[in-house]
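Below is one structure, written out as structure tokens; the observations come after it.
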Amino acid sequence: MMDQPMTTLGPAPVRFEPASADDLPTSIMAPDGAVAMSTHKLQVWYGDQEALSPTTLSFPEHQITALIGASGSGKSTFLRCLNRMNDGIATVHGEIMYRDTDVNAASANVYRVRTHIGMVFQRPNPFARSIRDNVTLALREHGMRDRQLLAERLEQSLRGAALWDEVKDVLDRSALELSGGQQQRLCIARALALRPDVLLLDEPASALDPIATLQIESTLQELRDQYTIIIVTHNMEQARRLSDNTAFFHQGHVREYARTADLFTTPRVGVTSDYIEGKFG
Ligand SMILES: Nc1ncnc2c1ncn2[C@@H]1O[C@H](COP(=O)(O)OP(=O)(O)OP(=O)(O)O)[C@@H](O)[C@H]1O
């Protein structure tokens with residue numbers, strides 16, 4: 001894992017307080033109590049339109065957390081804040097704690113934040129370059145020159161994304177010749193190359209067929225031991241199959257946050273129950 005400091009400020013404490021509107025748990029702990037990331041009263045506006053009400057959530061280390069909810073409920077807005085992808089687009093207030101550092105602080109080094117907290121988007125977006133370049137470009141930009149090290153990191157990242165066996169003999173072929181599912185796994189490999197701690201995925205399988213979707217899911221299952229994964233999905237079966245925890249977003253609020261098995265079998269809030277029963281969304 002990369003260990004450079006992200007900010008010149010001293011560490012800020014992680015604090016957990018009840019969400020403003022709900023008395024529901026906002027903190028789910030890993031068995032050893034480790035939390036990879038948390039937000040504290042994270043609030044977002046597009047212009048004068050509030051898209052996310054103050055949201056306090058914590059994400060246990062080495063678990064998969066799904067963010068579900070109807071279209072426009074604020075899931076992507078929340079996710080994109082976690083590695084500062086909303087900079088210049090939205091006004092974001094509140095704390096985003098990662099390793100005792102508030103990555104939402106003005107002093108945080110955004111470039112470095114994104115090496116620790118990687119992102120994979122809805123549509124596969126490989127560069128129009130070779131498979132090799134897609135994975136190694138950012139490493140070279142970070143100053144890695146040693147060919148042997150680059151080759152090792154390339155293989156590790158492609159193995160991590162469960163793509164190595166399919167591409168190891170065609171590494172210099174254009175990434176655009178890969179299937180959609182392979183391109184998305186390449187994008188995961190590209191994110192893994194920087195050795196992040198946290199992987200954010202915004203509906204990574206929504207553009208893929210069912211087989212490619214299952215491959216992405218099994219890849220994420222394999223990655224769970226080493227990474228903390230936060231995934232936005234519209235696919236409730238996917239959330240059930242894949243995730244340890246689920247947060248349900250509704251009209252810019254997190255209305256329920258629970259272990260996935262509990263949320264889907266015994267939701268505590270009526271609107272969650274209506275959503276998972278398909279009554280809206
Ligand atoms: N760049 C933007 N500019 C203005 N408003 C935006 C922008 N992005 C999102 N919004 C608005 O913020 C609200 C939350 O949108 P967001 O995309 O976070 O929802 P979502 O739950 O991820 O929806 P979907 O599942 O359709 O992606 C919506 O009302 C949306 O129209």
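Here's how to read the names in the structure tokens: chain A, B, ... by the order shown, residue numbers from 1 in each chain, ligand numbers from 1 in the order shown.
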
Range 254-271 of chain A environment, 6 Å, only C-alpha atoms, sequence neighbours closer than 4 positions dropped, as an MDAnalysis selection string | chainID A and resid 244:249

Long-range neighbours of range 62-67 of chain A as a PyMOL selection string, 9 Å cut-off, only C-alpha atoms, 4 positions minimum in chain | chain A and resi 30+34-36+75-76+79+197-198+220-221+223-234+238-240+242-249+259-260

How would the residues just picked look written out with C-alpha atoms as a short mmCIF file (atom, residue, chain, number, x, y, z; two decimals), in the first residue's frame?
data_model
loop_
_atom_site.label_atom_id
_atom_site.label_comp_id
_atom_site.auth_asym_id
_atom_site.auth_seq_id
_atom_site.Cartn_x
_atom_site.Cartn_y
_atom_site.Cartn_z
CA ALA A 30 -15.57 -5.13 10.93
CA ALA A 34 -11.30 -1.62 11.76
CA VAL A 35 -12.85 1.14 9.71
CA ALA A 36 -11.32 1.96 6.33
CA LYS A 75 -25.70 7.29 -4.43
CA SER A 76 -23.25 8.40 -7.12
CA LEU A 79 -19.56 7.83 -3.92
CA ASP A 197 -6.75 0.57 -0.07
CA VAL A 198 -10.26 1.43 -1.14
CA LEU A 220 -14.69 -8.34 -6.54
CA GLN A 221 -15.26 -11.29 -4.19
CA LEU A 223 -10.48 -8.70 -3.98
CA ARG A 224 -12.46 -8.40 -0.76
CA ASP A 225 -9.65 -9.78 1.43
CA GLN A 226 -7.25 -7.07 0.37
CA TYR A 227 -9.41 -4.07 -0.39
CA THR A 228 -12.33 -2.19 1.04
CA ILE A 229 -14.94 -2.02 -1.69
CA ILE A 230 -17.84 0.41 -2.00
CA ILE A 231 -20.14 -0.25 -4.93
CA VAL A 232 -23.19 1.58 -6.28
CA THR A 233 -25.64 -0.82 -7.83
CA HIS A 234 -29.19 -0.78 -9.13
CA GLN A 238 -26.10 -8.16 -7.05
CA ALA A 239 -26.13 -6.26 -3.75
CA ARG A 240 -27.44 -9.38 -1.99
CA LEU A 242 -21.92 -9.54 -3.27
CA SER A 243 -22.03 -7.22 -0.32
CA ASP A 244 -21.54 -7.50 3.43
CA ASN A 245 -23.30 -4.22 4.19
CA THR A 246 -25.89 -2.17 2.36
CA ALA A 247 -26.81 1.50 2.62
CA PHE A 248 -30.20 2.47 1.23
CA PHE A 249 -30.40 6.00 -0.20
CA ARG A 259 -25.73 -5.88 7.28
CA THR A 260 -26.92 -6.88 3.84
#

So that I can see what lies close to Arg190 in chain A, please list as a PDB file with N, CA and C atoms, in the first residue's frame the residues with an atom at most 10 Å from it, counting only C-alpha atoms and leaving out residues fewer than 6 positions away in the same chain.
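The resulting file, result_38.pdb, is reproduced below:
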ATOM      1  N   GLY A 118      -9.221   4.320  -5.223  1.00  0.00           N
ATOM      2  CA  GLY A 118      -9.362   4.214  -6.678  1.00  0.00           C
ATOM      3  C   GLY A 118     -10.830   4.143  -7.087  1.00  0.00           C
ATOM      4  N   MET A 119     -11.079   4.407  -8.368  1.00  0.00           N
ATOM      5  CA  MET A 119     -12.471   4.422  -8.836  1.00  0.00           C
ATOM      6  C   MET A 119     -12.619   3.716 -10.177  1.00  0.00           C
ATOM      7  N   VAL A 120     -13.712   2.972 -10.293  1.00  0.00           N
ATOM      8  CA  VAL A 120     -14.068   2.337 -11.569  1.00  0.00           C
ATOM      9  C   VAL A 120     -15.467   2.827 -11.926  1.00  0.00           C
ATOM     10  N   PRO A 126     -11.306   2.254 -20.988  1.00  0.00           N
ATOM     11  CA  PRO A 126      -9.855   2.106 -21.167  1.00  0.00           C
ATOM     12  C   PRO A 126      -9.319   3.183 -22.100  1.00  0.00           C
ATOM     13  N   ILE A 131      -3.015  -2.832 -23.795  1.00  0.00           N
ATOM     14  CA  ILE A 131      -3.414  -3.356 -22.476  1.00  0.00           C
ATOM     15  C   ILE A 131      -2.328  -3.017 -21.460  1.00  0.00           C
ATOM     16  N   ARG A 132      -1.080  -3.233 -21.866  1.00  0.00           N
ATOM     17  CA  ARG A 132       0.052  -2.946 -20.972  1.00  0.00           C
ATOM     18  C   ARG A 132       0.034  -1.483 -20.534  1.00  0.00           C
ATOM     19  N   ASP A 133      -0.104  -0.577 -21.486  1.00  0.00           N
ATOM     20  CA  ASP A 133      -0.077   0.855 -21.157  1.00  0.00           C
ATOM     21  C   ASP A 133      -1.219   1.249 -20.231  1.00  0.00           C
ATOM     22  N   ASN A 134      -2.363   0.642 -20.448  1.00  0.00           N
ATOM     23  CA  ASN A 134      -3.499   0.987 -19.594  1.00  0.00           C
ATOM     24  C   ASN A 134      -3.178   0.770 -18.122  1.00  0.00           C
ATOM     25  N   VAL A 135      -2.425  -0.291 -17.850  1.00  0.00           N
ATOM     26  CA  VAL A 135      -2.120  -0.610 -16.451  1.00  0.00           C
ATOM     27  C   VAL A 135      -0.890   0.149 -15.958  1.00  0.00           C
ATOM     28  N   THR A 136       0.092   0.353 -16.842  1.00  0.00           N
ATOM     29  CA  THR A 136       1.376   0.882 -16.349  1.00  0.00           C
ATOM     30  C   THR A 136       1.534   2.399 -16.497  1.00  0.00           C
ATOM     31  N   LEU A 137       0.649   3.012 -17.279  1.00  0.00           N
ATOM     32  CA  LEU A 137       0.819   4.445 -17.543  1.00  0.00           C
ATOM     33  C   LEU A 137       0.887   5.278 -16.257  1.00  0.00           C
ATOM     34  N   ALA A 138      -0.072   5.038 -15.366  1.00  0.00           N
ATOM     35  CA  ALA A 138      -0.101   5.842 -14.131  1.00  0.00           C
ATOM     36  C   ALA A 138       1.134   5.559 -13.280  1.00  0.00           C
ATOM     37  N   LEU A 139       1.606   4.303 -13.322  1.00  0.00           N
ATOM     38  CA  LEU A 139       2.807   3.976 -12.546  1.00  0.00           C
ATOM     39  C   LEU A 139       4.000   4.750 -13.082  1.00  0.00           C
ATOM     40  N   LEU A 154       2.293  -5.086 -13.510  1.00  0.00           N
ATOM     41  CA  LEU A 154       1.323  -5.356 -14.576  1.00  0.00           C
ATOM     42  C   LEU A 154       0.672  -6.721 -14.347  1.00  0.00           C
ATOM     43  N   SER A 157      -1.546  -6.829 -11.167  1.00  0.00           N
ATOM     44  CA  SER A 157      -2.807  -6.084 -11.308  1.00  0.00           C
ATOM     45  C   SER A 157      -3.782  -6.849 -12.197  1.00  0.00           C
ATOM     46  N   LEU A 158      -3.258  -7.408 -13.290  1.00  0.00           N
ATOM     47  CA  LEU A 158      -4.136  -8.171 -14.190  1.00  0.00           C
ATOM     48  C   LEU A 158      -4.610  -9.459 -13.521  1.00  0.00           C
ATOM     49  N   ALA A 161      -7.374  -8.582 -11.147  1.00  0.00           N
ATOM     50  CA  ALA A 161      -8.638  -8.295 -11.834  1.00  0.00           C
ATOM     51  C   ALA A 161      -9.129  -9.511 -12.626  1.00  0.00           C
ATOM     52  N   GLN A 184     -13.785  -3.793 -18.671  1.00  0.00           N
ATOM     53  CA  GLN A 184     -14.090  -3.345 -17.314  1.00  0.00           C
ATOM     54  C   GLN A 184     -13.115  -3.971 -16.315  1.00  0.00           C
TER      55      GLN A 184
END

For range 91-95 of chain A, please output as number ranges by chain all residues within 7 Å (counting only C-alpha atoms; exclusion window: fewer than 2 positions along the same chain).
-> A: 39-46, 97, 102, 104

Could you write out that same residue set with C-alpha atoms as an mmCIF file, in the first residue's frame?
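Dumped to part-v8.cif:
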data_model
loop_
_atom_site.group_PDB
_atom_site.id
_atom_site.type_symbol
_atom_site.label_atom_id
_atom_site.label_comp_id
_atom_site.auth_asym_id
_atom_site.auth_seq_id
_atom_site.Cartn_x
_atom_site.Cartn_y
_atom_site.Cartn_z
ATOM 1 C CA THR A 39 -17.955 10.307 6.369
ATOM 2 C CA HIS A 40 -19.159 12.764 8.938
ATOM 3 C CA LYS A 41 -22.050 15.039 8.027
ATOM 4 C CA LEU A 42 -21.130 14.906 4.359
ATOM 5 C CA GLN A 43 -23.449 17.275 2.508
ATOM 6 C CA VAL A 44 -23.518 18.089 -1.201
ATOM 7 C CA TRP A 45 -25.136 20.789 -3.343
ATOM 8 C CA TYR A 46 -25.249 21.269 -7.093
ATOM 9 C CA MET A 97 -11.980 10.394 6.952
ATOM 10 C CA ASP A 102 -9.814 14.354 6.247
ATOM 11 C CA ASN A 104 -12.146 16.601 2.008
#

List every residue of chain A that has an atom at most 7 Å from any atom of ligand 1, and for each one report the closest atom pair and its distance in Å to one decimal, counting only C-alpha atoms and all ligand atoms, with rows sorted by chain and then by increasing residue number, as CSV.
residue,atom,partner,partner_atom_place_in_ligand_line,distance
A:Tyr46,CA,ligand 1,4 (C),4.9
A:Ala51,CA,ligand 1,12 (O),4.6
A:Gly69,CA,ligand 1,21 (O),6.1
A:Ala70,CA,ligand 1,21 (O),5.8
A:Ser71,CA,ligand 1,26 (O),3.5
A:Gly72,CA,ligand 1,19 (O),3.3
A:Ser73,CA,ligand 1,21 (O),3.7
A:Gly74,CA,ligand 1,18 (O),3.3
A:Lys75,CA,ligand 1,22 (O),4.0
A:Ser76,CA,ligand 1,22 (O),3.6
A:Thr77,CA,ligand 1,18 (O),3.6
A:Phe78,CA,ligand 1,18 (O),6.5
A:Ile89,CA,ligand 1,1 (N),6.0
A:His234,CA,ligand 1,25 (O),6.6
A:Gly252,CA,ligand 1,14 (C),6.7

Output N, CA and C atoms of each residue in that selection to a file, as a PDB file, in the first residue's frame.
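selection.pdb, written as the output of this step:
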ATOM      1  N   TYR A  46     -25.551  20.846  -5.720  1.00  0.00           N
ATOM      2  CA  TYR A  46     -25.249  21.269  -7.093  1.00  0.00           C
ATOM      3  C   TYR A  46     -25.907  22.639  -7.224  1.00  0.00           C
ATOM      4  N   ALA A  51     -28.232  17.880  -2.932  1.00  0.00           N
ATOM      5  CA  ALA A  51     -28.367  16.517  -3.486  1.00  0.00           C
ATOM      6  C   ALA A  51     -28.134  15.460  -2.418  1.00  0.00           C
ATOM      7  N   GLY A  69     -30.576   2.288  -4.091  1.00  0.00           N
ATOM      8  CA  GLY A  69     -31.611   3.324  -4.023  1.00  0.00           C
ATOM      9  C   GLY A  69     -32.057   3.681  -5.429  1.00  0.00           C
ATOM     10  N   ALA A  70     -33.180   4.347  -5.506  1.00  0.00           N
ATOM     11  CA  ALA A  70     -33.749   4.704  -6.813  1.00  0.00           C
ATOM     12  C   ALA A  70     -32.860   5.719  -7.528  1.00  0.00           C
ATOM     13  N   SER A  71     -33.122   5.880  -8.799  1.00  0.00           N
ATOM     14  CA  SER A  71     -32.397   6.856  -9.601  1.00  0.00           C
ATOM     15  C   SER A  71     -32.558   8.255  -8.987  1.00  0.00           C
ATOM     16  N   GLY A  72     -31.444   8.977  -8.876  1.00  0.00           N
ATOM     17  CA  GLY A  72     -31.503  10.338  -8.350  1.00  0.00           C
ATOM     18  C   GLY A  72     -31.497  10.425  -6.834  1.00  0.00           C
ATOM     19  N   SER A  73     -31.284   9.287  -6.149  1.00  0.00           N
ATOM     20  CA  SER A  73     -31.343   9.306  -4.680  1.00  0.00           C
ATOM     21  C   SER A  73     -30.044   9.796  -4.037  1.00  0.00           C
ATOM     22  N   GLY A  74     -28.982   9.954  -4.844  1.00  0.00           N
ATOM     23  CA  GLY A  74     -27.750  10.526  -4.299  1.00  0.00           C
ATOM     24  C   GLY A  74     -26.600   9.548  -4.136  1.00  0.00           C
ATOM     25  N   LYS A  75     -26.747   8.322  -4.617  1.00  0.00           N
ATOM     26  CA  LYS A  75     -25.704   7.292  -4.431  1.00  0.00           C
ATOM     27  C   LYS A  75     -24.386   7.694  -5.100  1.00  0.00           C
ATOM     28  N   SER A  76     -24.484   8.065  -6.386  1.00  0.00           N
ATOM     29  CA  SER A  76     -23.246   8.401  -7.117  1.00  0.00           C
ATOM     30  C   SER A  76     -22.636   9.684  -6.572  1.00  0.00           C
ATOM     31  N   THR A  77     -23.499  10.607  -6.215  1.00  0.00           N
ATOM     32  CA  THR A  77     -23.008  11.862  -5.634  1.00  0.00           C
ATOM     33  C   THR A  77     -22.163  11.565  -4.401  1.00  0.00           C
ATOM     34  N   PHE A  78     -22.689  10.695  -3.534  1.00  0.00           N
ATOM     35  CA  PHE A  78     -21.958  10.324  -2.323  1.00  0.00           C
ATOM     36  C   PHE A  78     -20.643   9.634  -2.697  1.00  0.00           C
ATOM     37  N   ILE A  89     -17.458  20.458  -9.416  1.00  0.00           N
ATOM     38  CA  ILE A  89     -18.804  20.161  -9.919  1.00  0.00           C
ATOM     39  C   ILE A  89     -19.843  20.507  -8.859  1.00  0.00           C
ATOM     40  N   HIS A 234     -27.732  -0.775  -9.002  1.00  0.00           N
ATOM     41  CA  HIS A 234     -29.186  -0.778  -9.128  1.00  0.00           C
ATOM     42  C   HIS A 234     -29.723  -2.190  -9.020  1.00  0.00           C
ATOM     43  N   GLY A 252     -31.808  11.735  -1.326  1.00  0.00           N
ATOM     44  CA  GLY A 252     -30.665  12.435  -0.756  1.00  0.00           C
ATOM     45  C   GLY A 252     -30.375  12.131   0.701  1.00  0.00           C
TER      46      GLY A 252
END

Using DSSP on the backbone coordinates, identify the residues of range 46-275 of chain A assigned to strand (DSSP E or B); present them as JSON, numbers by chain.
-> {"A": [46, 49, 50, 51, 52, 53, 54, 55, 56, 57, 58, 59, 60, 64, 65, 66, 67, 68, 69, 91, 92, 93, 94, 95, 96, 97, 98, 101, 102, 117, 118, 119, 120, 130, 174, 198, 199, 200, 201, 202, 228, 229, 230, 231, 232, 245, 246, 247, 248, 249, 250, 253, 254, 255, 256, 257, 258, 259]}

Name the residues in contact with range 176-178 of chain A at a cut-off of 9 Å, using only C-alpha atoms, excluding same-chain residues fewer than 5 positions from it; report them as a ChimeraX atom specification.
-> /A:126-131,183

Can those selected residues be exported to a file as a tab-separated table (two decimals), in the first residue's frame so that it contains C-alpha atoms?
chain	number	residue	atom	x	y	z
A	126	PRO	CA	-9.86	2.11	-21.17
A	127	PHE	CA	-7.40	4.42	-22.89
A	128	ALA	CA	-7.02	3.85	-26.65
A	129	ARG	CA	-3.63	2.29	-26.00
A	130	SER	CA	-2.23	-1.16	-25.34
A	131	ILE	CA	-3.41	-3.36	-22.48
A	183	GLN	CA	-12.37	-3.83	-20.66

Long-range neighbours of Gly181 in chain A as JSON, numbers by chain, 12 Å cut-off, only C-alpha atoms, 2 positions minimum in chain = {"A": [122, 123, 124, 125, 126, 161, 162, 163, 166, 175, 176, 177, 178, 179, 183, 184, 185, 186, 187, 188, 204, 205, 206, 207, 208, 209, 210, 211, 212, 213, 214, 215, 216, 217, 219]}

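One distance worth recording is that between CA of Gln182 in chain A and CA of Leu199 in chain A, which is 17.9 Å.
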
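Using only C-alpha atoms, the nearest neighbour of Asn83 in chain A within the list A:Asp172, A:Glu50, A:Ser218, A:Met37 is A:Met37.
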
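Interatomic distance, CA of Ala151 in chain A to CA of Gly180 in chain A: 24.1 Å.
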
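For the pair CA of Val167 in chain A and CA of Glu141 in chain A, the interatomic distance is 23.2 Å.
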
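With distances restricted to only C-alpha atoms, A:Ile276 is the closest residue to Glu237 in chain A from A:Ile276, A:His142, A:Asp169, A:Leu200.
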